[in-house]
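The structure file target.txt is reproduced below (compact mmCIF, C-alpha atoms).
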# COMPACT_ATOMS: atom_id res chain seq x y z
CA MET T 1 51.55 -32.10 -54.47
CA LEU T 2 51.56 -29.65 -51.57
CA ILE T 3 55.34 -29.24 -51.58
CA HIS T 4 55.43 -28.70 -55.35
CA THR T 5 52.59 -26.19 -55.45
CA SER T 6 53.86 -24.41 -52.31
CA TYR T 7 57.13 -23.77 -54.12
CA LEU T 8 55.28 -22.41 -57.15
CA ASP T 9 53.06 -20.24 -54.95
CA ILE T 10 56.02 -18.72 -53.11
CA LYS T 11 58.02 -18.09 -56.26
CA TYR T 12 55.31 -17.02 -58.71
CA ARG T 13 52.13 -16.50 -56.64
CA GLU T 14 50.29 -18.61 -59.18
CA VAL T 15 50.02 -22.21 -60.26
CA ASN T 16 49.43 -23.20 -63.86
CA PRO T 17 45.96 -24.82 -64.16
CA LYS T 18 47.58 -27.73 -66.02
CA ILE T 19 49.31 -28.68 -62.76
CA TRP T 20 45.91 -29.50 -61.24
CA LEU T 21 45.13 -31.81 -64.15
CA ILE T 22 48.29 -33.74 -63.31
CA TYR T 23 47.28 -34.11 -59.66
CA SER T 24 43.54 -34.60 -60.18
CA PRO T 25 43.81 -38.45 -60.29
CA LEU T 26 44.56 -38.27 -56.56
CA ILE T 27 40.81 -37.88 -56.12
CA LEU T 28 40.59 -41.64 -56.72
CA PHE T 29 41.81 -42.14 -53.14
CA PHE T 30 38.38 -40.97 -52.02
CA PHE T 31 36.82 -44.07 -53.57
CA ILE T 32 39.53 -46.29 -52.10
CA ASN T 33 38.78 -44.98 -48.60
CA PHE T 34 35.04 -44.70 -49.15
CA GLN T 35 34.07 -47.57 -46.83
CA ARG T 36 36.14 -46.21 -43.94
CA LEU T 37 34.33 -42.89 -43.85
CA ASN T 38 31.38 -41.70 -41.88
CA LEU T 39 29.66 -40.20 -44.91
CA PHE T 40 27.59 -37.79 -42.84
CA LEU T 41 30.71 -36.35 -41.18
CA PHE T 42 32.65 -36.25 -44.43
CA PHE T 43 29.99 -34.49 -46.49
CA TYR T 44 29.23 -32.12 -43.61
CA SER T 45 32.92 -31.24 -43.37
CA TYR T 46 33.35 -31.05 -47.14
CA ILE T 47 30.32 -28.81 -47.65
CA ILE T 48 31.22 -26.44 -44.80
CA SER T 49 34.85 -26.21 -45.89
CA SER T 50 33.80 -25.68 -49.53
CA ILE T 51 31.49 -22.85 -48.49
CA LEU T 52 34.35 -21.25 -46.53
CA ILE T 53 36.69 -21.68 -49.50
CA PHE T 54 34.26 -20.00 -51.90
CA ILE T 55 33.64 -17.16 -49.42
CA PHE T 56 37.39 -16.58 -49.13
CA TYR T 57 37.68 -16.74 -52.92
CA TYR T 58 34.80 -14.29 -53.39
CA PHE T 59 36.48 -11.76 -51.11
CA SER T 60 39.84 -12.30 -52.85
CA LEU T 61 41.36 -13.95 -49.79
CA LEU T 62 42.16 -17.06 -51.83
CA GLY T 63 43.27 -17.41 -55.42
CA GLY T 64 42.16 -19.92 -57.99
CA ALA T 65 45.16 -22.14 -57.21
CA ASP T 66 44.17 -22.34 -53.54
CA LEU T 67 40.62 -23.20 -54.56
CA PHE T 68 41.63 -26.11 -56.79
CA LEU T 69 44.17 -27.37 -54.28
CA LEU T 70 41.70 -27.59 -51.42
CA LEU T 71 39.04 -29.27 -53.53
CA ILE T 72 41.51 -31.96 -54.66
CA LEU T 73 43.15 -32.31 -51.25
CA ASN T 74 39.86 -32.73 -49.42
CA LEU T 75 38.81 -35.61 -51.65
CA ALA T 76 42.22 -37.25 -51.93
CA ASN T 77 42.74 -37.26 -48.15
CA ALA T 78 39.25 -37.89 -46.88
CA HIS T 79 40.62 -40.58 -44.54
CA VAL T 80 43.71 -39.61 -42.55
CA ARG T 81 45.71 -41.32 -39.82
CA SER T 82 48.00 -39.10 -37.80
CA LEU T 83 51.28 -40.11 -36.20
CA LEU T 84 50.65 -38.92 -32.65
CA GLY T 85 47.01 -38.14 -32.08
CA ASP T 86 44.34 -40.07 -33.94
CA SER T 87 40.74 -39.27 -33.15
CA TYR T 88 37.41 -40.50 -34.41
CA PHE T 89 36.76 -37.36 -36.43
CA ILE T 90 39.96 -37.35 -38.49
CA ASN T 91 39.63 -41.07 -39.19
CA SER T 92 36.02 -40.70 -40.26
CA GLY T 93 36.09 -37.81 -42.70
CA MET T 94 36.50 -34.46 -40.92
CA GLU T 95 39.88 -33.82 -42.57
CA PRO T 96 38.65 -31.04 -44.94
CA LEU T 97 37.45 -28.77 -42.15
CA ILE T 98 40.35 -29.55 -39.81
CA VAL T 99 42.95 -28.69 -42.47
CA ILE T 100 41.33 -25.29 -43.00
CA ILE T 101 41.26 -24.66 -39.24
CA TYR T 102 44.93 -25.59 -38.87
CA SER T 103 45.87 -23.51 -41.94
CA LEU T 104 44.13 -20.42 -40.58
CA ILE T 105 45.76 -20.57 -37.14
CA PRO T 106 49.23 -19.29 -38.22
CA ILE T 107 47.65 -16.70 -40.53
CA VAL T 108 45.53 -15.36 -37.67
CA ILE T 109 48.50 -15.36 -35.27
CA VAL T 110 50.59 -13.35 -37.76
CA GLY T 111 47.67 -10.99 -38.32
CA LEU T 112 47.18 -10.41 -34.59
CA GLY T 113 50.89 -9.68 -34.19
CA ASN T 114 50.62 -7.27 -37.08
CA LEU T 115 47.61 -5.64 -35.43
CA LEU T 116 49.41 -5.07 -32.13
CA PHE T 117 52.47 -3.67 -33.88
CA ASN T 118 50.67 -1.41 -36.37
CA LEU T 119 47.45 -0.18 -34.76
CA HIS T 120 49.03 2.93 -33.27
CA LYS T 121 50.44 3.85 -36.69
CA THR T 122 47.10 3.90 -38.49
CA PRO T 123 45.51 7.26 -39.44
CA LYS T 124 43.57 8.64 -36.48
CA ASP T 125 40.85 10.09 -38.71
CA LEU T 126 39.68 6.59 -39.69
CA SER T 127 37.09 4.62 -37.75
CA LEU T 128 38.32 2.06 -35.23
CA LYS T 129 36.97 -0.76 -37.40
CA THR T 130 38.87 0.52 -40.44
CA ARG T 131 42.04 1.09 -38.42
CA THR T 132 41.85 -2.41 -36.97
CA THR T 133 41.36 -4.03 -40.37
CA LEU T 134 44.19 -1.98 -41.87
CA ALA T 135 46.56 -2.83 -39.02
CA PHE T 136 45.67 -6.54 -39.20
CA SER T 137 46.41 -7.00 -42.90
CA GLY T 138 48.75 -4.15 -43.81
CA ARG T 139 51.96 -2.44 -42.84
CA GLN T 140 53.81 0.74 -43.66
CA MET T 141 56.57 0.97 -46.25
CA THR T 142 58.38 3.85 -47.91
CA ILE T 143 57.84 4.54 -51.59
CA LYS T 144 61.45 3.54 -52.23
CA GLU T 145 60.96 0.21 -50.47
CA PHE T 146 57.74 -0.38 -52.36
CA LEU T 147 59.39 0.22 -55.73
CA ASN T 148 62.01 -2.40 -54.85
CA SER T 149 59.49 -4.91 -53.54
CA LYS T 150 57.74 -7.88 -55.08
CA PHE T 151 54.24 -9.27 -54.51
CA VAL T 152 53.34 -6.17 -52.47
CA PHE T 153 50.20 -4.14 -53.16
CA PRO T 154 49.50 -0.56 -52.04
CA LEU T 155 46.60 0.06 -49.71
CA THR T 156 47.33 3.78 -49.85
CA GLU T 157 46.09 4.69 -53.31
CA ILE T 158 47.48 7.86 -54.88
CA ASP T 159 45.91 9.15 -58.08
CA GLN T 160 47.39 11.32 -60.83
CA ASN T 161 46.43 14.47 -58.92
CA GLY T 162 48.23 13.34 -55.78
CA SER T 163 45.03 12.63 -53.86
CA ARG T 164 45.38 9.86 -51.30
CA GLN T 165 42.88 7.36 -49.98
CA VAL T 166 43.19 4.14 -48.03
CA ARG T 167 41.62 0.85 -49.06
CA LEU T 168 41.47 -2.28 -46.92
CA SER T 169 42.18 -5.02 -49.45
CA PHE T 170 43.29 -5.72 -52.98
CA SER T 171 42.05 -8.00 -55.74
CA ILE T 172 43.90 -11.21 -56.55
CA GLU T 173 43.64 -10.14 -60.19
CA GLU T 174 45.89 -7.12 -59.62
CA ASP T 175 49.42 -7.05 -61.00
CA ASP T 176 51.97 -5.77 -58.48
CA SER T 177 54.34 -4.70 -61.27
CA GLU T 178 51.69 -2.34 -62.67
CA TRP T 179 51.37 -0.69 -59.28
CA ARG T 180 55.13 -0.18 -59.09
CA LYS T 181 55.13 1.42 -62.54
CA ARG T 182 52.33 3.75 -61.48
CA TYR T 183 54.11 4.86 -58.31
CA GLU T 184 57.41 5.22 -60.12
CA LYS T 185 55.65 7.62 -62.49
CA LEU T 186 54.21 9.55 -59.54
CA LEU T 187 57.70 9.78 -58.07
CA LYS T 188 59.13 11.19 -61.30
CA GLU T 189 56.31 13.73 -61.45
CA GLY T 190 57.08 14.87 -57.91
CA LEU T 191 53.72 13.82 -56.49
CA VAL T 192 55.34 11.48 -53.95
CA ARG T 193 58.69 11.34 -52.16
CA GLU T 194 60.96 8.33 -51.82
CA ASP T 195 60.82 8.54 -48.03
CA GLU T 196 57.03 8.92 -47.88
CA LYS T 197 55.37 6.02 -46.10
CA ILE T 198 52.33 4.28 -47.53
CA TRP T 199 50.24 1.36 -46.34
CA VAL T 200 50.76 -1.87 -48.24
CA ALA T 201 49.66 -5.49 -48.06
CA TRP T 202 51.73 -8.52 -48.96
CA GLY T 203 50.29 -10.98 -51.44
CA VAL T 204 50.35 -13.89 -49.03
CA PRO T 205 51.17 -17.31 -50.53
CA VAL T 206 48.36 -19.36 -49.02
CA ILE T 207 49.38 -22.83 -50.20
CA PRO T 208 52.40 -23.04 -47.84
CA PHE T 209 50.01 -22.38 -44.94
CA ILE T 210 47.80 -25.20 -46.20
CA LEU T 211 50.90 -27.42 -46.31
CA LEU T 212 51.63 -26.43 -42.71
CA GLY T 213 48.04 -27.14 -41.67
CA TYR T 214 48.05 -30.54 -43.34
CA SER T 215 51.44 -31.38 -41.81
CA LEU T 216 50.12 -30.53 -38.34
CA LEU T 217 47.15 -32.79 -38.98
CA ILE T 218 49.12 -35.85 -40.06
CA ILE T 219 51.66 -35.39 -37.25
CA PHE T 220 49.55 -34.34 -34.26
CA GLY T 221 46.03 -35.22 -35.35
CA PHE T 222 43.25 -33.45 -33.50
CA PRO T 223 42.85 -33.03 -29.70
CA SER T 224 42.18 -36.38 -28.06
CA PHE T 225 39.06 -35.12 -26.32
CA ILE T 226 37.53 -34.80 -29.81
Produce structure tokens that represent the structure in this file.
Amino acid sequence: MLIHTSYLDIKYREVNPKIWLIYSPLILFFFINFQRLNLFLFFYSYIISSILIFIFYYFSLLGGADLFLLLILNLANAHVRSLLGDSYFINSGMEPLIVIIYSLIPIVIVGLGNLLFNLHKTPKDLSLKTRTTLAFSGRQMTIKEFLNSKFVFPLTEIDQNGSRQVRLSFSIEEDDSEWRKRYEKLLKEGLVREDEKIWVAWGVPVIPFILLGYSLLIIFGFPSFI
């Protein structure tokens, strides 16, 4: 399931809802493993991870596909045995929360690298908080590069009068092709130049990071002191 949907997420940035109907029977594994679980730990982990998922979804940090995937995955793999590092928690139902933690680690590492590389490039007239957020999630790109890109969304918004303002995020409902059409029109009207740099954010495919997090869990488990 994770490999299939990761491929779809990378290629299309969306997963057809019918795909989740195909994989939904995997939830039955929860009932198979029911007796092996510490129900308190499992429901604690499931509730906390679900709250985090919905918060990320509310702020457009996760798409609907990521939401469905995590809900199915957390039930289907409530009981996990790792190859190298079993611990009481992962055997007893803490898998939902641990997968999210492992999935976020590479995203945060990439973001911190982005921050160190881009902070000095951010507009000096912005507040430090705004500059930090912009540097963490965005990067600079020329108009020409943006018009030739895919799954990239402008954080530097330019209206029909040529006015510019910086935003810090984009909605998962946005269509990157519509943004390219808009900026191509601005280019033809002479309101922007091909070599002008704007801030953009990449529409990150989250499911591959979840696949990575789950792979780390089943290979390495969780630290032995836990």
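Take the candidates T:Asn114, T:Ser169, T:Asn148, T:Ser49 and check each one against T:Gly203 using all atoms listed in the file; the shortest distance goes to T:Ser169.
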Quiz item: Which polymer residues have any atom within 10 Å of an atom of T:Arg193, counting all atoms listed in the file, with same-chain residues fewer than 4 positions away left out, as number ranges by chain?
Solution: T: 142-144, 186-189, 197
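With distances taken over only C-alpha atoms, T:Met94 is the one residue among T:Met94, T:Leu28, T:Ile72, T:Leu21 lying closest to T:Ser45.
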May I have the residues at most 12 Å from (50.9, 2.7, -58.8) in the file's coordinates, counting only C-alpha atoms, as a short mmCIF file (atom, residue, chain, number, x, y, z; two decimals) with C-alpha atoms, keeping the file's coordinate frame?
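The file below, out_5.cif, is the result:
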data_model
loop_
_atom_site.label_atom_id
_atom_site.label_comp_id
_atom_site.auth_asym_id
_atom_site.auth_seq_id
_atom_site.Cartn_x
_atom_site.Cartn_y
_atom_site.Cartn_z
CA ILE T 143 57.84 4.54 -51.59
CA PHE T 146 57.74 -0.38 -52.36
CA LEU T 147 59.39 0.22 -55.73
CA VAL T 152 53.34 -6.17 -52.47
CA PHE T 153 50.20 -4.14 -53.16
CA PRO T 154 49.50 -0.56 -52.04
CA LEU T 155 46.60 0.06 -49.71
CA THR T 156 47.33 3.78 -49.85
CA GLU T 157 46.09 4.69 -53.31
CA ILE T 158 47.48 7.86 -54.88
CA ASP T 159 45.91 9.15 -58.08
CA GLN T 160 47.39 11.32 -60.83
CA GLY T 162 48.23 13.34 -55.78
CA ARG T 164 45.38 9.86 -51.30
CA GLU T 174 45.89 -7.12 -59.62
CA ASP T 175 49.42 -7.05 -61.00
CA ASP T 176 51.97 -5.77 -58.48
CA SER T 177 54.34 -4.70 -61.27
CA GLU T 178 51.69 -2.34 -62.67
CA TRP T 179 51.37 -0.69 -59.28
CA ARG T 180 55.13 -0.18 -59.09
CA LYS T 181 55.13 1.42 -62.54
CA ARG T 182 52.33 3.75 -61.48
CA TYR T 183 54.11 4.86 -58.31
CA GLU T 184 57.41 5.22 -60.12
CA LYS T 185 55.65 7.62 -62.49
CA LEU T 186 54.21 9.55 -59.54
CA LEU T 187 57.70 9.78 -58.07
CA LEU T 191 53.72 13.82 -56.49
CA VAL T 192 55.34 11.48 -53.95
CA ILE T 198 52.33 4.28 -47.53
CA VAL T 200 50.76 -1.87 -48.24
#
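Shortest atom-to-atom contact with T:Ile47 among T:Leu67, T:Ile172, T:Leu97, T:Met141: T:Leu97, counting all atoms listed in the file.
Here atom CA of T:Leu75 stands at a distance of 10.2 Å from atom CA of T:Phe34.
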Quiz prompt | Selection as number ranges by chain: residues within 12 Å of (35.4, -36.5, -42.3), counting all atoms listed in the file | solution = T: 30, 33-34, 36-49, 74-81, 87-99
Output C-alpha atoms for every residue in the selection just made, as a compact mmCIF listing (two decimals), in the frame of the given file.
# COMPACT_ATOMS: atom_id res chain seq x y z
CA PHE T 30 38.38 -40.97 -52.02
CA ASN T 33 38.78 -44.98 -48.60
CA PHE T 34 35.04 -44.70 -49.15
CA ARG T 36 36.14 -46.21 -43.94
CA LEU T 37 34.33 -42.89 -43.85
CA ASN T 38 31.38 -41.70 -41.88
CA LEU T 39 29.66 -40.20 -44.91
CA PHE T 40 27.59 -37.79 -42.84
CA LEU T 41 30.71 -36.35 -41.18
CA PHE T 42 32.65 -36.25 -44.43
CA PHE T 43 29.99 -34.49 -46.49
CA TYR T 44 29.23 -32.12 -43.61
CA SER T 45 32.92 -31.24 -43.37
CA TYR T 46 33.35 -31.05 -47.14
CA ILE T 47 30.32 -28.81 -47.65
CA ILE T 48 31.22 -26.44 -44.80
CA SER T 49 34.85 -26.21 -45.89
CA ASN T 74 39.86 -32.73 -49.42
CA LEU T 75 38.81 -35.61 -51.65
CA ALA T 76 42.22 -37.25 -51.93
CA ASN T 77 42.74 -37.26 -48.15
CA ALA T 78 39.25 -37.89 -46.88
CA HIS T 79 40.62 -40.58 -44.54
CA VAL T 80 43.71 -39.61 -42.55
CA ARG T 81 45.71 -41.32 -39.82
CA SER T 87 40.74 -39.27 -33.15
CA TYR T 88 37.41 -40.50 -34.41
CA PHE T 89 36.76 -37.36 -36.43
CA ILE T 90 39.96 -37.35 -38.49
CA ASN T 91 39.63 -41.07 -39.19
CA SER T 92 36.02 -40.70 -40.26
CA GLY T 93 36.09 -37.81 -42.70
CA MET T 94 36.50 -34.46 -40.92
CA GLU T 95 39.88 -33.82 -42.57
CA PRO T 96 38.65 -31.04 -44.94
CA LEU T 97 37.45 -28.77 -42.15
CA ILE T 98 40.35 -29.55 -39.81
CA VAL T 99 42.95 -28.69 -42.47
Give me the stretch 107-189 of chain T side of the contact with stretch 208-220 of chain T, cut-off 12 Å, one line per residue showing its nearest atom pair and distance in Å at one decimal, counting only C-alpha atoms, sorted by chain and residue number, as JSON lines.
{"residue": "T:Ile107", "atom": "CA", "partner": "T:Phe209", "partner_atom": "CA", "distance": 7.6}
{"residue": "T:Val108", "atom": "CA", "partner": "T:Phe209", "partner_atom": "CA", "distance": 11.1}
{"residue": "T:Val110", "atom": "CA", "partner": "T:Phe209", "partner_atom": "CA", "distance": 11.6}
Self-check item: Coordinates-based distance that separates atom CA of T:His120 from atom CA of T:Pro205 (Å, one decimal)
Solution: 26.7 Å
Quiz prompt | Residue nearest T:Ala65 among T:Thr122, T:Ile53, T:Leu134, T:Asp195 (counting all atoms listed in the file) | solution = T:Ile53
